[in-house]
Amino acid sequence: MLLAKYAGAQEQLSLKQQADKLFERYEYFKSLPLYLKLAKHKPNVQVLERIADCYRNINRYEDAEAWYAKATADAKASKISHYNYAEVLLRDEKFDLAKEQYKIYFTDAPAELKLKLSTCDSAASWMQQKSAYKVKNEAGFNTEFSDWGLSYEGKAGMVFTSDRITDNQNGDNRTGNNWFTLYEMAANGQHISELSIATDDNAIFNGDYHAGPIAFNNAADTAYITVTTAIPPKQIGLDKLDPKDKQRLYTRRLQLVMASKKNGQWTVFGSFPYNNVQEYSIGDAALSKSGRIIYFTSDMPGGVGKTDIWYCEKRRDGTWDKPINCGPTINTKEEEAFPTIAGDGALYYSSKGLAGMGGYDIYKAVGEKAQWVAPQNLKYPINSTSDDFYLVTRDGVSGYLSSNREGGHGSDDIYSFAYKPVDTIPVKRVTKPAAPNITAAKPQKTNPEIVLNPIYYDLDKSNIRPDAAVELDKLALILKQYPAVKIELSSYTDSRASDQYNLALSQRRAASVVAYLVNKGISADRLVAKYYGETHLVNKCADNVQCTEAEHQLNRRTEFRVIE
């Protein structure tokens with residue numbers, strides 16, 4: 001009996017060693033059943049944590065939540081398990097429980113804790129608000145597997161990425177699914193097939209590992225494809241891990257390959273010049289409308305955070321200049337990824353480092369290269385407490401995005417979205433004051449009840465800023481949908497400069513708004529422009545009152561209201 005007990009202990013130890021080695025290779029799908037077997041015999045907290053980690057990494061979040069609950073109930077649980085538990089709870093919309101776990105983890109990081117707590121609060125709040133966006137799961141694309149990263153190929157084509165099981169299944173031991181592969185949908189929307197890509201005997205793209213997403217130029221004759229490097233293991237440097245571990249661990253990084261289309265066939269013709277699979281990854285390409293700027297995701301040295309958005313400019317000879325970081329307005333110390341460029345030139349991308357709803361959130365930013373207006377969170381239902389990413393749009397009001405939110409068909413799904421004015425959103429209005437020191441009045445309703453957000457200006461400027469253009473584009477869409485509506489626009493300045501100068505400045509601002517909307521196809525006789533200079537301030541910032549620039553900014557505005 002003693003011998004049998006000793007032999008059983010040896011067998012269990014060997015089983016754990018095997019599970020640990022698979023886990024260290026990120027082969028969660030293969031290591032999970034071994035840990036579950038160990039869990040049947042009074043497991044220690046590390047086994048519980050590993051089971052939870054496996055479930056989280058193969059996107060089985062409800063199972064992950066249950067096992068993190070077991071693990072964190074043990075006083076010996078690692079702090080990172082409390083963080084991972086909080087992330088899963090946030091995803092499952094259990095906001096108060098998530099806050100408790102974040103507080104355990106961020107004991108010495110008040111700024112990071114504040115961001116996570118605000119994420120819980122904003123997620124709970126935004127989900128209760130009415131939105132002008134409608135989001136729909138597109139069942140025609142989606143399977144029980146991961147389907148994501150839809151890109152437009154020219155005017156009618158659509159290509160996306162999937163790890164669905166096929167007859168040619170190779171197998172990814174991380175998830176248990178196939179390698180990611182590119183698929184195209186027929187123009188009639190009735191047939192999906194694998195995108196044919198010839199390699200011309202080029203070893204950098206042989207289909208043995210992940211491929212996707214893909215980005216096309218406007219002419220749809222050149223593409224940039226994200227692939228996992230397929231070079232032999234002996235040519236890849238080893239990861240720097242515990243020297244006592246005899247396992248040879250290495251990382252297959254991402255790179256971009258370039259393809260062209262001739263006679264209906266895509267063929268890889270080269271590798272992006274700044275790939276360096278020994279040191280960092282490059283992927284998720286996006287091209288500007290002119291094709292002269294390429295944006296991409298990378299963890300190359302010199303970035304702001306874990307992964308950043310970078311760009312290169314095309315030289316006159318057609319080659320790409322050196323990568324430049326898009327800067328701290330776009331990038332944070334966390335992860336930014338999945339950039340796309342809309343038809344109007346706006347950048348859409350996902351971030352884990354800005355206040356949002358949890359996981360990857362989708363943001364919109366106006367600008368180019370390293371000069372950007374502060375990004376705008378697209379809120380719920382574009383975003384959710386899950387990962388939301390890879391938004392593509394031609395017109396800024398409709399398109400597709402990817403998400404692994406609850407209620408889908410599989411792990412990641414493709415969703416369509418459309419922007420339509422909601423029925424009841426109040427309008428922020430400012431009453432005319434009897435004295436200069438007043439505050440903004442309570443929101444008032446208009447008829448029809450539509451979104452009328454104010455726009456703002458830089459000091460002593462009347463030009464339409466990129467952030468104001470976003471609001472005016474929405475307003476133009478509303479006016480086209482309600483052809484009987486007539487609006488009044490009222491422009492103002494802050495209190496600096498003389499009364500006469502400010503009156504003229506507000507007049508120029510009103511004229512800029514009218515010109516912008518007329519250029520968008522709105523008849524001028526539907527726009528009543530008024531200007532009031534520095535009267536009707538929304539705060540205390542009258543003449544000779546010391547105020548911050550942010551306070552002055554609130555007064556440099558144009559407001560809108562429906563008058564007919």
# chains A, B, ... in the order shown; residues from 1 in each chain; ligands from 1
call {"tool": "closest_atom_pairs", "arguments": {"of": "segment 78-178 of chain A", "to": "segment 63-73 of chain A", "cutoff": "9 Å", "atoms": "only C-alpha atoms", "output": "tab-separated table"}}
result
residue	atom	partner	partner_atom	distance
A:Ser78	CA	A:Thr72	CA	7.9
A:Lys79	CA	A:Thr72	CA	8.7
A:Ser81	CA	A:Thr72	CA	6.8
A:His82	CA	A:Thr72	CA	6.4
A:Asn84	CA	A:Tyr68	CA	7.8
A:Tyr85	CA	A:Tyr68	CA	5.6
A:Ala86	CA	A:Glu65	CA	8.9
A:Val88	CA	A:Glu65	CA	6.0
A:Leu89	CA	A:Glu65	CA	6.8
A:Asp92	CA	A:Glu65	CA	8.6
call {"tool": "closest_atom_pairs", "arguments": {"of": "segment 30-140 of chain A", "to": "segment 335-353 of chain A", "cutoff": "10 Å", "atoms": "only C-alpha atoms", "output": "JSON lines"}}
result
{"residue": "A:Glu112", "atom": "CA", "partner": "A:Gly353", "partner_atom": "CA", "distance": 9.7}
{"residue": "A:Leu115", "atom": "CA", "partner": "A:Gly353", "partner_atom": "CA", "distance": 8.8}
{"residue": "A:Lys116", "atom": "CA", "partner": "A:Gly353", "partner_atom": "CA", "distance": 9.8}
call {"tool": "closest_residue", "arguments": {"among": "A:Asn217, A:Asn276, A:Ser196, A:Thr535", "to": "Thr229 of chain A", "atoms": "only C-alpha atoms"}}
result
A:Asn276
call {"tool": "select_by_dssp", "arguments": {"residues": "segment 336-531 of chain A", "states": "alpha helix (DSSP H)", "output": "ChimeraX atom specification"}}
result
/A:466-481,499-519
call {"tool": "write_last_selection", "arguments": {"atoms": "N, CA and C atoms", "output": "short mmCIF file (atom, residue, chain, number, x, y, z; two decimals), in the first residue's frame"}}
result
data_model
loop_
_atom_site.label_atom_id
_atom_site.label_comp_id
_atom_site.auth_asym_id
_atom_site.auth_seq_id
_atom_site.Cartn_x
_atom_site.Cartn_y
_atom_site.Cartn_z
N PRO A 466 -11.33 69.48 -36.31
CA PRO A 466 -11.73 68.10 -36.63
C PRO A 466 -12.79 67.53 -35.71
N ASP A 467 -12.71 67.84 -34.40
CA ASP A 467 -13.73 67.31 -33.49
C ASP A 467 -15.09 67.96 -33.75
N ALA A 468 -15.07 69.24 -34.16
CA ALA A 468 -16.33 69.90 -34.52
C ALA A 468 -16.90 69.34 -35.82
N ALA A 469 -16.02 68.98 -36.75
CA ALA A 469 -16.48 68.40 -38.01
C ALA A 469 -17.24 67.10 -37.78
N VAL A 470 -16.81 66.33 -36.79
CA VAL A 470 -17.52 65.08 -36.46
C VAL A 470 -18.97 65.38 -36.08
N GLU A 471 -19.18 66.39 -35.23
CA GLU A 471 -20.53 66.76 -34.80
C GLU A 471 -21.35 67.35 -35.94
N LEU A 472 -20.71 68.17 -36.77
CA LEU A 472 -21.44 68.77 -37.89
C LEU A 472 -21.83 67.72 -38.93
N ASP A 473 -21.00 66.71 -39.11
CA ASP A 473 -21.36 65.62 -40.03
C ASP A 473 -22.60 64.89 -39.53
N LYS A 474 -22.67 64.67 -38.21
CA LYS A 474 -23.85 64.03 -37.64
C LYS A 474 -25.09 64.92 -37.83
N LEU A 475 -24.90 66.23 -37.62
CA LEU A 475 -26.00 67.17 -37.78
C LEU A 475 -26.49 67.19 -39.22
N ALA A 476 -25.56 67.17 -40.17
CA ALA A 476 -25.95 67.16 -41.58
C ALA A 476 -26.76 65.91 -41.90
N LEU A 477 -26.37 64.77 -41.33
CA LEU A 477 -27.11 63.53 -41.55
C LEU A 477 -28.53 63.63 -41.00
N ILE A 478 -28.66 64.22 -39.81
CA ILE A 478 -29.98 64.39 -39.20
C ILE A 478 -30.86 65.30 -40.07
N LEU A 479 -30.29 66.40 -40.55
CA LEU A 479 -31.06 67.33 -41.36
C LEU A 479 -31.51 66.71 -42.68
N LYS A 480 -30.71 65.80 -43.20
CA LYS A 480 -31.11 65.10 -44.42
C LYS A 480 -32.23 64.10 -44.13
N GLN A 481 -32.22 63.53 -42.95
CA GLN A 481 -33.26 62.57 -42.59
C GLN A 481 -34.56 63.26 -42.18
N ASP A 499 -15.33 93.83 -26.78
CA ASP A 499 -16.69 93.41 -27.13
C ASP A 499 -16.89 93.45 -28.64
N GLN A 500 -16.41 94.53 -29.29
CA GLN A 500 -16.60 94.68 -30.73
C GLN A 500 -15.86 93.58 -31.49
N TYR A 501 -14.62 93.30 -31.08
CA TYR A 501 -13.83 92.25 -31.75
C TYR A 501 -14.50 90.89 -31.58
N ASN A 502 -14.97 90.61 -30.38
CA ASN A 502 -15.59 89.31 -30.13
C ASN A 502 -16.90 89.14 -30.89
N LEU A 503 -17.64 90.22 -31.06
CA LEU A 503 -18.87 90.12 -31.83
C LEU A 503 -18.56 89.73 -33.28
N ALA A 504 -17.52 90.34 -33.85
CA ALA A 504 -17.13 90.01 -35.22
C ALA A 504 -16.59 88.58 -35.31
N LEU A 505 -15.85 88.16 -34.29
CA LEU A 505 -15.31 86.79 -34.27
C LEU A 505 -16.44 85.78 -34.23
N SER A 506 -17.46 86.03 -33.41
CA SER A 506 -18.58 85.09 -33.33
C SER A 506 -19.36 85.06 -34.65
N GLN A 507 -19.40 86.20 -35.36
CA GLN A 507 -20.05 86.23 -36.66
C GLN A 507 -19.29 85.34 -37.65
N ARG A 508 -17.94 85.39 -37.61
CA ARG A 508 -17.14 84.55 -38.50
C ARG A 508 -17.35 83.07 -38.16
N ARG A 509 -17.49 82.78 -36.89
CA ARG A 509 -17.72 81.39 -36.50
C ARG A 509 -19.07 80.87 -37.02
N ALA A 510 -20.09 81.70 -36.90
CA ALA A 510 -21.40 81.31 -37.42
C ALA A 510 -21.34 81.09 -38.92
N ALA A 511 -20.62 81.97 -39.62
CA ALA A 511 -20.50 81.84 -41.07
C ALA A 511 -19.77 80.56 -41.46
N SER A 512 -18.77 80.16 -40.67
CA SER A 512 -18.03 78.93 -40.94
C SER A 512 -18.93 77.71 -40.84
N VAL A 513 -19.81 77.72 -39.83
CA VAL A 513 -20.73 76.60 -39.66
C VAL A 513 -21.70 76.52 -40.83
N VAL A 514 -22.25 77.65 -41.23
CA VAL A 514 -23.18 77.66 -42.36
C VAL A 514 -22.49 77.14 -43.62
N ALA A 515 -21.28 77.63 -43.87
CA ALA A 515 -20.55 77.20 -45.07
C ALA A 515 -20.29 75.69 -45.04
N TYR A 516 -19.94 75.17 -43.87
CA TYR A 516 -19.66 73.74 -43.76
C TYR A 516 -20.91 72.90 -44.07
N LEU A 517 -22.04 73.29 -43.47
CA LEU A 517 -23.28 72.53 -43.68
C LEU A 517 -23.79 72.65 -45.10
N VAL A 518 -23.66 73.84 -45.70
CA VAL A 518 -24.07 74.01 -47.10
C VAL A 518 -23.22 73.12 -48.00
N ASN A 519 -21.93 73.03 -47.70
CA ASN A 519 -21.03 72.17 -48.46
C ASN A 519 -21.42 70.70 -48.33
#
call {"tool": "select_by_dssp", "arguments": {"residues": "segment 92-319 of chain A", "states": "strand (DSSP E or B)", "output": "ChimeraX atom specification"}}
result
/A:133-137,147-153,157-162,181-185,192-194,197-198,211-216,222-228,238,250,254-262,265-271,282-287,293-298,307-314
call {"tool": "closest_atom_pairs", "arguments": {"of": "segment 334-441 of chain A", "to": "segment 142-157 of chain A", "cutoff": "7 Å", "atoms": "only C-alpha atoms", "output": "tab-separated table"}}
result
residue	atom	partner	partner_atom	distance
A:Tyr390	CA	A:Gly149	CA	5.6
A:Val392	CA	A:Ser151	CA	6.8
A:Ser402	CA	A:Trp148	CA	5.2
A:His409	CA	A:Glu144	CA	5.3
A:Gly410	CA	A:Glu144	CA	3.9
A:Ser411	CA	A:Ser146	CA	4.9
A:Asp412	CA	A:Ser146	CA	4.4
A:Asp413	CA	A:Asp147	CA	5.0
A:Ile414	CA	A:Trp148	CA	5.4
call {"tool": "residues_around", "arguments": {"residues": "segment 356-365 of chain A", "least_positions_apart": "6", "cutoff": "8 Å", "atoms": "only C-alpha atoms", "output": "PyMOL selection string"}}
result
chain A and resi 87+90-91+119-120+122-123+330+346-350+372-379+382-391
call {"tool": "atom_distance", "arguments": {"atom1": "atom CA of Gly327 of chain A", "atom2": "atom CA of Ala370 of chain A"}}
result
5.4 Å
call {"tool": "decode", "arguments": {"residues": "segment 291-324 of chain A", "atoms": "N, CA and C atoms", "output": "CSV table (one decimal), in the first residue's frame"}}
result
chain,number,residue,atom,x,y,z
A,291,GLY,N,-3.0,56.2,-50.2
A,291,GLY,CA,-2.0,55.1,-50.3
A,291,GLY,C,-0.6,55.6,-49.9
A,292,ARG,N,-0.4,56.8,-49.5
A,292,ARG,CA,0.9,57.4,-49.2
A,292,ARG,C,1.3,57.2,-47.8
A,293,ILE,N,0.4,56.7,-46.9
A,293,ILE,CA,0.7,56.5,-45.5
A,293,ILE,C,0.2,55.1,-45.1
A,294,ILE,N,1.0,54.3,-44.4
A,294,ILE,CA,0.6,53.0,-43.9
A,294,ILE,C,0.7,53.1,-42.4
A,295,TYR,N,-0.4,52.7,-41.7
A,295,TYR,CA,-0.5,52.6,-40.3
A,295,TYR,C,-0.4,51.1,-39.9
A,296,PHE,N,0.1,50.8,-38.8
A,296,PHE,CA,0.2,49.4,-38.3
A,296,PHE,C,0.4,49.3,-36.8
A,297,THR,N,0.3,48.1,-36.3
A,297,THR,CA,0.5,47.8,-34.9
A,297,THR,C,1.8,47.2,-34.7
A,298,SER,N,2.6,47.6,-33.6
A,298,SER,CA,3.9,47.0,-33.4
A,298,SER,C,4.3,47.2,-31.9
A,299,ASP,N,5.1,46.3,-31.4
A,299,ASP,CA,5.7,46.4,-30.1
A,299,ASP,C,7.2,46.7,-30.3
A,300,MET,N,7.6,47.3,-31.4
A,300,MET,CA,9.0,47.7,-31.7
A,300,MET,C,9.5,48.6,-30.6
A,301,PRO,N,10.8,48.7,-30.4
A,301,PRO,CA,11.4,49.6,-29.4
A,301,PRO,C,11.1,51.1,-29.8
A,302,GLY,N,11.0,51.9,-28.7
A,302,GLY,CA,10.7,53.3,-28.9
A,302,GLY,C,9.3,53.7,-28.8
A,303,GLY,N,8.4,52.7,-28.5
A,303,GLY,CA,7.0,53.0,-28.4
A,303,GLY,C,6.6,53.6,-27.0
A,304,VAL,N,5.3,53.9,-26.9
A,304,VAL,CA,4.7,54.5,-25.7
A,304,VAL,C,4.3,53.4,-24.7
A,305,GLY,N,3.8,52.2,-25.2
A,305,GLY,CA,3.3,51.2,-24.4
A,305,GLY,C,3.6,49.8,-24.9
A,306,LYS,N,2.8,48.8,-24.5
A,306,LYS,CA,3.0,47.4,-24.9
A,306,LYS,C,2.9,47.2,-26.4
A,307,THR,N,1.9,47.7,-27.0
A,307,THR,CA,1.8,47.8,-28.5
A,307,THR,C,1.3,49.1,-28.9
A,308,ASP,N,1.8,49.7,-29.9
A,308,ASP,CA,1.4,51.0,-30.3
A,308,ASP,C,1.0,51.0,-31.8
A,309,ILE,N,0.4,52.1,-32.2
A,309,ILE,CA,0.1,52.4,-33.6
A,309,ILE,C,1.2,53.2,-34.2
A,310,TRP,N,1.8,52.8,-35.3
A,310,TRP,CA,2.9,53.4,-35.9
A,310,TRP,C,2.5,53.8,-37.4
A,311,TYR,N,3.3,54.6,-38.1
A,311,TYR,CA,3.1,54.8,-39.5
A,311,TYR,C,4.4,55.0,-40.2
A,312,CYS,N,4.3,54.8,-41.5
A,312,CYS,CA,5.4,55.1,-42.5
A,312,CYS,C,4.8,55.9,-43.6
A,313,GLU,N,5.6,56.7,-44.2
A,313,GLU,CA,5.2,57.5,-45.4
A,313,GLU,C,6.0,56.9,-46.6
A,314,LYS,N,5.3,56.9,-47.7
A,314,LYS,CA,5.8,56.4,-49.0
A,314,LYS,C,6.7,57.4,-49.6
A,315,ARG,N,7.9,57.0,-50.0
A,315,ARG,CA,8.9,57.9,-50.7
A,315,ARG,C,8.5,58.0,-52.2
A,316,ARG,N,9.1,58.9,-52.8
A,316,ARG,CA,8.8,59.2,-54.3
A,316,ARG,C,9.1,57.9,-55.1
A,317,ASP,N,10.1,57.1,-54.7
A,317,ASP,CA,10.4,56.0,-55.5
A,317,ASP,C,9.5,54.8,-55.1
A,318,GLY,N,8.5,55.0,-54.3
A,318,GLY,CA,7.6,53.9,-54.0
A,318,GLY,C,8.0,53.1,-52.8
A,319,THR,N,9.1,53.3,-52.2
A,319,THR,CA,9.5,52.6,-51.0
A,319,THR,C,9.0,53.3,-49.7
A,320,TRP,N,9.0,52.6,-48.6
A,320,TRP,CA,8.5,53.1,-47.3
A,320,TRP,C,9.6,53.7,-46.5
A,321,ASP,N,9.4,54.9,-46.0
A,321,ASP,CA,10.3,55.6,-45.1
A,321,ASP,C,10.2,54.9,-43.7
A,322,LYS,N,11.1,55.3,-42.8
A,322,LYS,CA,11.2,54.6,-41.5
A,322,LYS,C,10.0,54.8,-40.7
A,323,PRO,N,9.6,53.8,-39.8
A,323,PRO,CA,8.4,54.0,-39.0
A,323,PRO,C,8.5,55.1,-38.0
A,324,ILE,N,7.4,55.8,-37.7
A,324,ILE,CA,7.3,56.8,-36.7
A,324,ILE,C,6.1,56.5,-35.9
